[in-house]
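Working notes for the structure below.
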Amino acid sequence: MTDTARIDTLETRITHQDEVIDDLNKTVIAQWKEIDRLTRQVAKLSEQYATMAQTMGPDADDGAPPPHW
């Protein structure tokens with residue numbers, strides 16, 4: 001294999017690897033955006049749950065068996 005052919009092969013590999021790295025980077029960025037969105041959604045739902053629990057207040061029948069018992 002000549003030096004020119006070896007250099008061409010290496011340049012082709014590097015170009016392909018750069019494309020793969022770029023694709024992987026885009027995938028990681030998209031996943032982090034999704035994780036951030038889901039984290040915000042969980043926090044919002046937790047707040048809503050806490051608000052609902054405070055609004056309902058303590059239940060006088062806590063621990064009491066249901067009426068059909």
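Labeling convention for the structure tokens: chains A, B, ... as they appear, residues from 1 per chain, ligands from 1 in order of appearance.
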What are the closest atom pairs, with distances in Å to one decimal, for each residue of segment 12-59 of chain A lying within 12 Å of segment 1-7 of chain A, using only C-alpha atoms, rows by chain and rising residue number, as a tab-separated table?
```
residue	atom	partner	partner_atom	distance
A:Thr12	CA	A:Ile7	CA	8.5
A:Arg13	CA	A:Ile7	CA	9.8
A:Ile14	CA	A:Ile7	CA	10.4
```
Please produce a file of those selected residues containing C-alpha atoms, as a compact mmCIF listing (two decimals), in the first residue's frame.
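Dumped to part_28.txt:
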```txt
# COMPACT_ATOMS: atom_id res chain seq x y z
CA THR A 12 -11.70 8.72 5.04
CA ARG A 13 -11.79 7.09 8.47
CA ILE A 14 -11.36 10.40 10.25
```
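Reported to one decimal place, the separation of atom CA of Tyr49 of chain A from atom CA of Ala64 of chain A is 23.2 Å.
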Hey, what does DSSP flag as alpha helix (DSSP H) within chain A? Can you give it to me as a JSON list (two decimals) with N, CA, C and O atoms, in the first residue's frame?
```json
[["chain", "number", "residue", "atom", "x", "y", "z"],
["A", 3, "ASP", "N", 1.99, 5.27, 0.37],
["A", 3, "ASP", "CA", 1.75, 6.28, 1.40],
["A", 3, "ASP", "C", 0.51, 7.10, 1.09],
["A", 3, "ASP", "O", -0.28, 7.43, 1.98],
["A", 4, "THR", "N", 0.30, 7.42, -0.17],
["A", 4, "THR", "CA", -0.86, 8.20, -0.57],
["A", 4, "THR", "C", -2.15, 7.43, -0.29],
["A", 4, "THR", "O", -3.13, 8.01, 0.23],
["A", 5, "ALA", "N", -2.16, 6.15, -0.59],
["A", 5, "ALA", "CA", -3.35, 5.33, -0.33],
["A", 5, "ALA", "C", -3.61, 5.23, 1.16],
["A", 5, "ALA", "O", -4.78, 5.29, 1.61],
["A", 6, "ARG", "N", -2.57, 5.08, 1.95],
["A", 6, "ARG", "CA", -2.72, 5.00, 3.41],
["A", 6, "ARG", "C", -3.29, 6.32, 3.96],
["A", 6, "ARG", "O", -4.18, 6.31, 4.81],
["A", 7, "ILE", "N", -2.77, 7.42, 3.45],
["A", 7, "ILE", "CA", -3.27, 8.73, 3.91],
["A", 7, "ILE", "C", -4.73, 8.91, 3.51],
["A", 7, "ILE", "O", -5.55, 9.38, 4.32],
["A", 8, "ASP", "N", -5.08, 8.51, 2.30],
["A", 8, "ASP", "CA", -6.47, 8.61, 1.86],
["A", 8, "ASP", "C", -7.38, 7.77, 2.74],
["A", 8, "ASP", "O", -8.48, 8.20, 3.12],
["A", 9, "THR", "N", -6.94, 6.57, 3.08],
["A", 9, "THR", "CA", -7.73, 5.68, 3.94],
["A", 9, "THR", "C", -7.91, 6.31, 5.32],
["A", 9, "THR", "O", -9.02, 6.30, 5.88],
["A", 10, "LEU", "N", -6.83, 6.85, 5.87],
["A", 10, "LEU", "CA", -6.92, 7.49, 7.18],
["A", 10, "LEU", "C", -7.82, 8.72, 7.16],
["A", 10, "LEU", "O", -8.61, 8.94, 8.09],
["A", 11, "GLU", "N", -7.73, 9.51, 6.11],
["A", 11, "GLU", "CA", -8.59, 10.69, 6.00],
["A", 11, "GLU", "C", -10.06, 10.29, 5.89],
["A", 11, "GLU", "O", -10.94, 10.94, 6.47],
["A", 12, "THR", "N", -10.33, 9.22, 5.17],
["A", 12, "THR", "CA", -11.70, 8.72, 5.04],
["A", 12, "THR", "C", -12.22, 8.26, 6.39],
["A", 12, "THR", "O", -13.37, 8.56, 6.77],
["A", 13, "ARG", "N", -11.39, 7.54, 7.13],
["A", 13, "ARG", "CA", -11.79, 7.09, 8.47],
["A", 13, "ARG", "C", -12.06, 8.26, 9.40],
["A", 13, "ARG", "O", -13.05, 8.26, 10.14],
["A", 14, "ILE", "N", -11.19, 9.24, 9.37],
["A", 14, "ILE", "CA", -11.36, 10.40, 10.25],
["A", 14, "ILE", "C", -12.66, 11.13, 9.90],
["A", 14, "ILE", "O", -13.41, 11.54, 10.80],
["A", 15, "THR", "N", -12.93, 11.28, 8.64],
["A", 15, "THR", "CA", -14.16, 11.94, 8.21],
["A", 15, "THR", "C", -15.38, 11.17, 8.72],
["A", 15, "THR", "O", -16.33, 11.75, 9.26],
["A", 16, "HIS", "N", -15.35, 9.86, 8.58],
["A", 16, "HIS", "CA", -16.46, 9.03, 9.05],
["A", 16, "HIS", "C", -16.59, 9.13, 10.56],
["A", 16, "HIS", "O", -17.71, 9.25, 11.09],
["A", 17, "GLN", "N", -15.48, 9.08, 11.28],
["A", 17, "GLN", "CA", -15.52, 9.17, 12.73],
["A", 17, "GLN", "C", -16.06, 10.54, 13.18],
["A", 17, "GLN", "O", -16.82, 10.62, 14.15],
["A", 18, "ASP", "N", -15.68, 11.59, 12.48],
["A", 18, "ASP", "CA", -16.21, 12.92, 12.81],
["A", 18, "ASP", "C", -17.72, 12.96, 12.64],
["A", 18, "ASP", "O", -18.43, 13.55, 13.47],
["A", 19, "GLU", "N", -18.24, 12.34, 11.60],
["A", 19, "GLU", "CA", -19.68, 12.30, 11.38],
["A", 19, "GLU", "C", -20.37, 11.51, 12.49],
["A", 19, "GLU", "O", -21.43, 11.93, 13.00],
["A", 20, "VAL", "N", -19.79, 10.39, 12.88],
["A", 20, "VAL", "CA", -20.38, 9.57, 13.95],
["A", 20, "VAL", "C", -20.37, 10.33, 15.27],
["A", 20, "VAL", "O", -21.36, 10.35, 16.00],
["A", 21, "ILE", "N", -19.26, 11.00, 15.57],
["A", 21, "ILE", "CA", -19.17, 11.78, 16.80],
["A", 21, "ILE", "C", -20.21, 12.90, 16.80],
["A", 21, "ILE", "O", -20.87, 13.15, 17.81],
["A", 22, "ASP", "N", -20.38, 13.55, 15.69],
["A", 22, "ASP", "CA", -21.38, 14.62, 15.58],
["A", 22, "ASP", "C", -22.79, 14.07, 15.79],
["A", 22, "ASP", "O", -23.59, 14.67, 16.52],
["A", 23, "ASP", "N", -23.09, 12.92, 15.19],
["A", 23, "ASP", "CA", -24.41, 12.30, 15.38],
["A", 23, "ASP", "C", -24.63, 11.91, 16.84],
["A", 23, "ASP", "O", -25.72, 12.12, 17.39],
["A", 24, "LEU", "N", -23.61, 11.35, 17.48],
["A", 24, "LEU", "CA", -23.73, 10.98, 18.88],
["A", 24, "LEU", "C", -23.91, 12.20, 19.77],
["A", 24, "LEU", "O", -24.71, 12.19, 20.71],
["A", 25, "ASN", "N", -23.21, 13.26, 19.45],
["A", 25, "ASN", "CA", -23.35, 14.50, 20.21],
["A", 25, "ASN", "C", -24.77, 15.04, 20.10],
["A", 25, "ASN", "O", -25.37, 15.47, 21.10],
["A", 26, "LYS", "N", -25.34, 15.03, 18.91],
["A", 26, "LYS", "CA", -26.72, 15.49, 18.73],
["A", 26, "LYS", "C", -27.69, 14.63, 19.53],
["A", 26, "LYS", "O", -28.66, 15.14, 20.11],
["A", 27, "THR", "N", -27.44, 13.33, 19.56],
["A", 27, "THR", "CA", -28.30, 12.42, 20.31],
["A", 27, "THR", "C", -28.22, 12.72, 21.81],
["A", 27, "THR", "O", -29.25, 12.78, 22.50],
["A", 28, "VAL", "N", -27.03, 12.92, 22.30],
["A", 28, "VAL", "CA", -26.84, 13.22, 23.73],
["A", 28, "VAL", "C", -27.52, 14.55, 24.08],
["A", 28, "VAL", "O", -28.19, 14.65, 25.11],
["A", 29, "ILE", "N", -27.38, 15.54, 23.24],
["A", 29, "ILE", "CA", -28.03, 16.84, 23.48],
["A", 29, "ILE", "C", -29.55, 16.67, 23.53],
["A", 29, "ILE", "O", -30.22, 17.20, 24.42],
["A", 30, "ALA", "N", -30.10, 15.91, 22.60],
["A", 30, "ALA", "CA", -31.55, 15.68, 22.58],
["A", 30, "ALA", "C", -32.00, 14.94, 23.84],
["A", 30, "ALA", "O", -33.04, 15.27, 24.43],
["A", 31, "GLN", "N", -31.21, 13.97, 24.28],
["A", 31, "GLN", "CA", -31.58, 13.23, 25.49],
["A", 31, "GLN", "C", -31.53, 14.14, 26.72],
["A", 31, "GLN", "O", -32.40, 14.05, 27.59],
["A", 32, "TRP", "N", -30.52, 14.99, 26.82],
["A", 32, "TRP", "CA", -30.45, 15.90, 27.97],
["A", 32, "TRP", "C", -31.62, 16.87, 27.98],
["A", 32, "TRP", "O", -32.17, 17.19, 29.04],
["A", 33, "LYS", "N", -32.03, 17.33, 26.81],
["A", 33, "LYS", "CA", -33.20, 18.22, 26.74],
["A", 33, "LYS", "C", -34.44, 17.49, 27.23],
["A", 33, "LYS", "O", -35.27, 18.05, 27.97],
["A", 34, "GLU", "N", -34.59, 16.23, 26.84],
["A", 34, "GLU", "CA", -35.74, 15.43, 27.27],
["A", 34, "GLU", "C", -35.68, 15.18, 28.78],
["A", 34, "GLU", "O", -36.69, 15.27, 29.47],
["A", 35, "ILE", "N", -34.50, 14.89, 29.30],
["A", 35, "ILE", "CA", -34.35, 14.67, 30.74],
["A", 35, "ILE", "C", -34.71, 15.95, 31.50],
["A", 35, "ILE", "O", -35.41, 15.90, 32.52],
["A", 36, "ASP", "N", -34.24, 17.10, 31.02],
["A", 36, "ASP", "CA", -34.58, 18.36, 31.67],
["A", 36, "ASP", "C", -36.09, 18.61, 31.65],
["A", 36, "ASP", "O", -36.67, 19.03, 32.66],
["A", 37, "ARG", "N", -36.72, 18.33, 30.52],
["A", 37, "ARG", "CA", -38.17, 18.52, 30.40],
["A", 37, "ARG", "C", -38.91, 17.61, 31.38],
["A", 37, "ARG", "O", -39.82, 18.05, 32.09],
["A", 38, "LEU", "N", -38.49, 16.36, 31.45],
["A", 38, "LEU", "CA", -39.15, 15.42, 32.34],
["A", 38, "LEU", "C", -38.90, 15.77, 33.81],
["A", 38, "LEU", "O", -39.80, 15.62, 34.64],
["A", 39, "THR", "N", -37.71, 16.26, 34.12],
["A", 39, "THR", "CA", -37.41, 16.67, 35.49],
["A", 39, "THR", "C", -38.31, 17.84, 35.91],
["A", 39, "THR", "O", -38.85, 17.85, 37.03],
["A", 40, "ARG", "N", -38.48, 18.80, 35.01],
["A", 40, "ARG", "CA", -39.38, 19.93, 35.31],
["A", 40, "ARG", "C", -40.82, 19.44, 35.48],
["A", 40, "ARG", "O", -41.55, 19.91, 36.37],
["A", 41, "GLN", "N", -41.23, 18.49, 34.66],
["A", 41, "GLN", "CA", -42.60, 17.97, 34.74],
["A", 41, "GLN", "C", -42.82, 17.24, 36.06],
["A", 41, "GLN", "O", -43.86, 17.41, 36.70],
["A", 42, "VAL", "N", -41.86, 16.44, 36.49],
["A", 42, "VAL", "CA", -41.98, 15.74, 37.77],
["A", 42, "VAL", "C", -42.05, 16.74, 38.93],
["A", 42, "VAL", "O", -42.85, 16.58, 39.85],
["A", 43, "ALA", "N", -41.21, 17.77, 38.86],
["A", 43, "ALA", "CA", -41.23, 18.79, 39.92],
["A", 43, "ALA", "C", -42.59, 19.48, 39.97],
["A", 43, "ALA", "O", -43.15, 19.71, 41.05],
["A", 44, "LYS", "N", -43.14, 19.80, 38.80],
["A", 44, "LYS", "CA", -44.45, 20.46, 38.74],
["A", 44, "LYS", "C", -45.53, 19.55, 39.30],
["A", 44, "LYS", "O", -46.39, 19.99, 40.07],
["A", 45, "LEU", "N", -45.50, 18.28, 38.93],
["A", 45, "LEU", "CA", -46.50, 17.33, 39.45],
["A", 45, "LEU", "C", -46.36, 17.15, 40.95],
["A", 45, "LEU", "O", -47.37, 17.02, 41.66],
["A", 46, "SER", "N", -45.13, 17.16, 41.45],
["A", 46, "SER", "CA", -44.92, 17.05, 42.90],
["A", 46, "SER", "C", -45.51, 18.24, 43.62],
["A", 46, "SER", "O", -46.14, 18.10, 44.67],
["A", 47, "GLU", "N", -45.31, 19.43, 43.05],
["A", 47, "GLU", "CA", -45.90, 20.63, 43.64],
["A", 47, "GLU", "C", -47.43, 20.55, 43.64],
["A", 47, "GLU", "O", -48.08, 20.88, 44.62],
["A", 48, "GLN", "N", -47.99, 20.12, 42.52],
["A", 48, "GLN", "CA", -49.44, 20.01, 42.42],
["A", 48, "GLN", "C", -49.97, 19.00, 43.44],
["A", 48, "GLN", "O", -51.00, 19.24, 44.09],
["A", 49, "TYR", "N", -49.28, 17.90, 43.61],
["A", 49, "TYR", "CA", -49.70, 16.89, 44.58],
["A", 49, "TYR", "C", -49.65, 17.45, 45.99],
["A", 49, "TYR", "O", -50.59, 17.26, 46.78],
["A", 50, "ALA", "N", -48.57, 18.16, 46.32],
["A", 50, "ALA", "CA", -48.44, 18.74, 47.65],
["A", 50, "ALA", "C", -49.54, 19.76, 47.90],
["A", 50, "ALA", "O", -50.12, 19.81, 48.99],
["A", 51, "THR", "N", -49.84, 20.57, 46.90],
["A", 51, "THR", "CA", -50.91, 21.56, 47.03],
["A", 51, "THR", "C", -52.25, 20.88, 47.25],
["A", 51, "THR", "O", -53.04, 21.28, 48.11],
["A", 52, "MET", "N", -52.51, 19.84, 46.48],
["A", 52, "MET", "CA", -53.78, 19.11, 46.64],
["A", 52, "MET", "C", -53.86, 18.46, 48.01],
["A", 52, "MET", "O", -54.93, 18.47, 48.64],
["A", 53, "ALA", "N", -52.78, 17.90, 48.49],
["A", 53, "ALA", "CA", -52.79, 17.25, 49.79],
["A", 53, "ALA", "C", -53.05, 18.28, 50.89],
["A", 53, "ALA", "O", -53.78, 18.00, 51.85],
["A", 54, "GLN", "N", -52.49, 19.49, 50.78],
["A", 54, "GLN", "CA", -52.73, 20.53, 51.77],
["A", 54, "GLN", "C", -54.17, 21.03, 51.70],
["A", 54, "GLN", "O", -54.78, 21.30, 52.72],
["A", 55, "THR", "N", -54.71, 21.14, 50.48],
["A", 55, "THR", "CA", -56.07, 21.62, 50.29],
["A", 55, "THR", "C", -57.07, 20.65, 50.91],
["A", 55, "THR", "O", -58.05, 21.07, 51.53],
["A", 56, "MET", "N", -56.81, 19.38, 50.74],
["A", 56, "MET", "CA", -57.74, 18.37, 51.27],
["A", 56, "MET", "C", -57.67, 18.30, 52.79],
["A", 56, "MET", "O", -58.65, 17.97, 53.44]]
```
